[in-house]
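First up is the structure itself, then whatever we jot down about it.
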Amino acid sequence: MADEKLPQGGHVAVIGLGRFGSAVAESLIDLGYEVLGIDSDPRIVQDWSDRLTHVAQADSTDEEALRQLGVHEFGRAVCGIGTNLETSVLTVLTLTEIGVPEIWAKATSVKHGKILSSVGADHVVFPESEMGERVAHQITGRMLDYIEFDDGFAIAKVRAPQGAAGRTLAQLGLRTKWGVTVVGTKRPGEDFVYARPETTVPEGAVLIVAGDTAKVEAYAAEN
C-alpha cells in the first residue's frame with residue numbers, strides 16, 4: 001500500500017478508525033466513494049482490511065509516511081482522532097503541510113476545535129458516532145446538510161438544480177420525478193420561505209427537501 005497512490009477525484013482519506021472515523025468511512029463507501037483508511041493500531045487496520053477500499057497502518061504525524069500513501073494527492077481528508085489531542089493536532093498540521101486542500105477534523109472541546117482551526121482544519125466537527133453519516137454527506141458536497149431519522153426518513157439541504165431559477169416548484173416536479181417533497185427555499189441572507197406549488201425558486205437558492213432516505217440521497221446525487 002505504501003507505494004500505491006490514488007487520484008483525488010472520488011477518494012477521501014480517513015485518519016483514525018475509531019467510532020467516528022469508521023462511521024464516516026463506512027458512509028462514504030455507501031455513497032460510492034473510495035476510502036483510504038489510516039490508523040496506527042494494527043488490530044484496527046486488520047479489522048477494516050476487507051471493508052474499506054484501502055487501509056494502512058501508519059503514524060499520521062509522519063509527513064513522509066502520508067506522502068508514501070499518496071495522501072497529499074487527495075482532495076479531502078478527515079482526521080477522526082479524538083482521544084489523543086496532541087496526535088490530533090499534529091495530524092491536521094501534517095495534512096496542511098503536505099497540501100491537502102480540504103481538511104475535516106473531529107474535536108472533543110471548543111478549545112480543541114480552535115486549535116485544529118488554527119493549524120489548518122477547514123471544517124471542525126463535534127460529533128457523536130451517529131453523526132458520521134451526516135458528515136459524510138456534507139464531505140461529498142452533494143448536500144449542504146443532512147439529517148436521517150430512524151424510520152428511513154431524511155431531510156436535506158441541497159443546492160437548487162441547474163436551470164431551476166425563475167421556475168415554480170410545480171414546474172420542477174421534484175415530487176413526481178424523484179419522490180421528494182420540497183419543504184422550503186432559502187437564499188443566503190434572506191428568510192426561509194415555506195414551499196407552495198406556486199413558489200418560484202430564486203437565483204442562488206437552496207432547497208430543503210424531505211422524503212424516503214434512499215430517494216433523498218438519489219436526488220442529491222444527481223443535482
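Labels for the C-alpha cells follow display order: chains A, B, ..., residues from 1 in each chain, ligands from 1.
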
Near-segment 186-190 of chain A list (8 Å; only C-alpha atoms; drop same-chain fewer than 6 positions) as a CSV table (one decimal) with all heavy atoms, in the first residue's frame:
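So around.csv came out as:
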chain,number,residue,atom,x,y,z
A,202,PRO,N,-35.7,31.2,-6.4
A,202,PRO,CA,-34.9,32.4,-6.7
A,202,PRO,C,-33.5,31.9,-7.1
A,202,PRO,O,-33.0,30.8,-6.8
A,202,PRO,CB,-34.8,33.2,-5.4
A,202,PRO,CG,-35.2,32.2,-4.3
A,202,PRO,CD,-36.0,31.1,-4.9
A,203,GLU,N,-32.8,32.9,-7.7
A,203,GLU,CA,-31.4,32.6,-8.1
A,203,GLU,C,-30.5,32.3,-6.9
A,203,GLU,O,-30.6,33.0,-5.9
A,203,GLU,CB,-30.8,33.8,-8.9
A,203,GLU,CG,-29.5,33.6,-9.5
A,203,GLU,CD,-29.5,32.7,-10.8
A,203,GLU,OE1,-30.5,32.8,-11.5
A,203,GLU,OE2,-28.6,31.9,-11.0
A,204,GLY,N,-29.7,31.3,-7.0
A,204,GLY,CA,-28.7,31.0,-5.9
A,204,GLY,C,-29.4,30.4,-4.7
A,204,GLY,O,-28.8,30.4,-3.6
A,205,ALA,N,-30.6,29.9,-4.8
A,205,ALA,CA,-31.3,29.3,-3.6
A,205,ALA,C,-30.9,27.9,-3.3
A,205,ALA,O,-30.4,27.2,-4.1
A,205,ALA,CB,-32.8,29.4,-3.9
A,206,VAL,N,-31.1,27.5,-2.1
A,206,VAL,CA,-31.0,26.1,-1.7
A,206,VAL,C,-32.4,25.6,-1.4
A,206,VAL,O,-33.3,26.4,-1.0
A,206,VAL,CB,-30.1,25.9,-0.4
A,206,VAL,CG1,-28.7,26.3,-0.7
A,206,VAL,CG2,-30.6,26.7,0.8
A,207,LEU,N,-32.6,24.4,-1.5
A,207,LEU,CA,-33.9,23.7,-1.3
A,207,LEU,C,-33.8,22.8,0.0
A,207,LEU,O,-32.8,22.1,0.1
A,207,LEU,CB,-34.4,22.9,-2.5
A,207,LEU,CG,-34.4,23.6,-3.8
A,207,LEU,CD1,-34.9,22.6,-4.9
A,207,LEU,CD2,-35.4,24.8,-3.8

Problem set entry | Test item: residues at most 7 Å from Ile81 of chain A, only C-alpha atoms, excluding those fewer than 2 positions along its chain, as a ChimeraX atom specification | /A:16,79,83-84,88,106

For this session: Excluding Val12 of chain A and residues on its chain fewer than 6 positions from it, collect all residues at most 8 Å away from it, counting only C-alpha atoms, and give them as a PyMOL selection string.
Result: chain A and resi 33-36+74-78

Problem set entry | Backbone DSSP call of strand (DSSP E) for chain A, listed as a PyMOL selection string | chain A and resi 11-15+34-39+54-57+76-79+102-106+123-125+145-148+153-159+181-186+193-194+206-212

Exercise. Any idea what's packed within 10 Å of Gln46 of chain A, counting only C-alpha atoms, ignoring anything in its chain fewer than 4 positions away? Could you give it as a PyMOL selection string?
Worked result: chain A and resi 41-42+50-51+55-57

For this session: Name the residues of segment 32-187 of chain A that come out as helix (DSSP H, G or I) in a backbone DSSP run; write them as an MDAnalysis selection string.
Result: chainID A and resid 42:48 63:68 71:73 85:97 110:118 129:140 169:172 174:178

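The gap separating atom CA of Thr53 of chain A from atom CA of Gly10 of chain A is 11.6 Å, in Å to one decimal.
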
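Take atom CA of Val180 of chain A and atom CA of Val216 of chain A: the distance between them is 6.3 Å.
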
Exercise. Atom CA of Val89 of chain A and atom CA of Ile115 of chain A, how far apart in Å?
Worked result: 7.2 Å

Problem set entry | Selection near Arg43 of chain A, 12 Å with only C-alpha atoms, sequence-local residues under 4 positions removed, as a PyMOL selection string | chain A and resi 17-18+38-39+47-49+55-57

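Ranking A:Glu217, A:Ala58, A:Glu102, A:Gly163 by their shortest atom-to-atom distance to Ser27 of chain A, with only C-alpha atoms included, puts A:Glu217 first.
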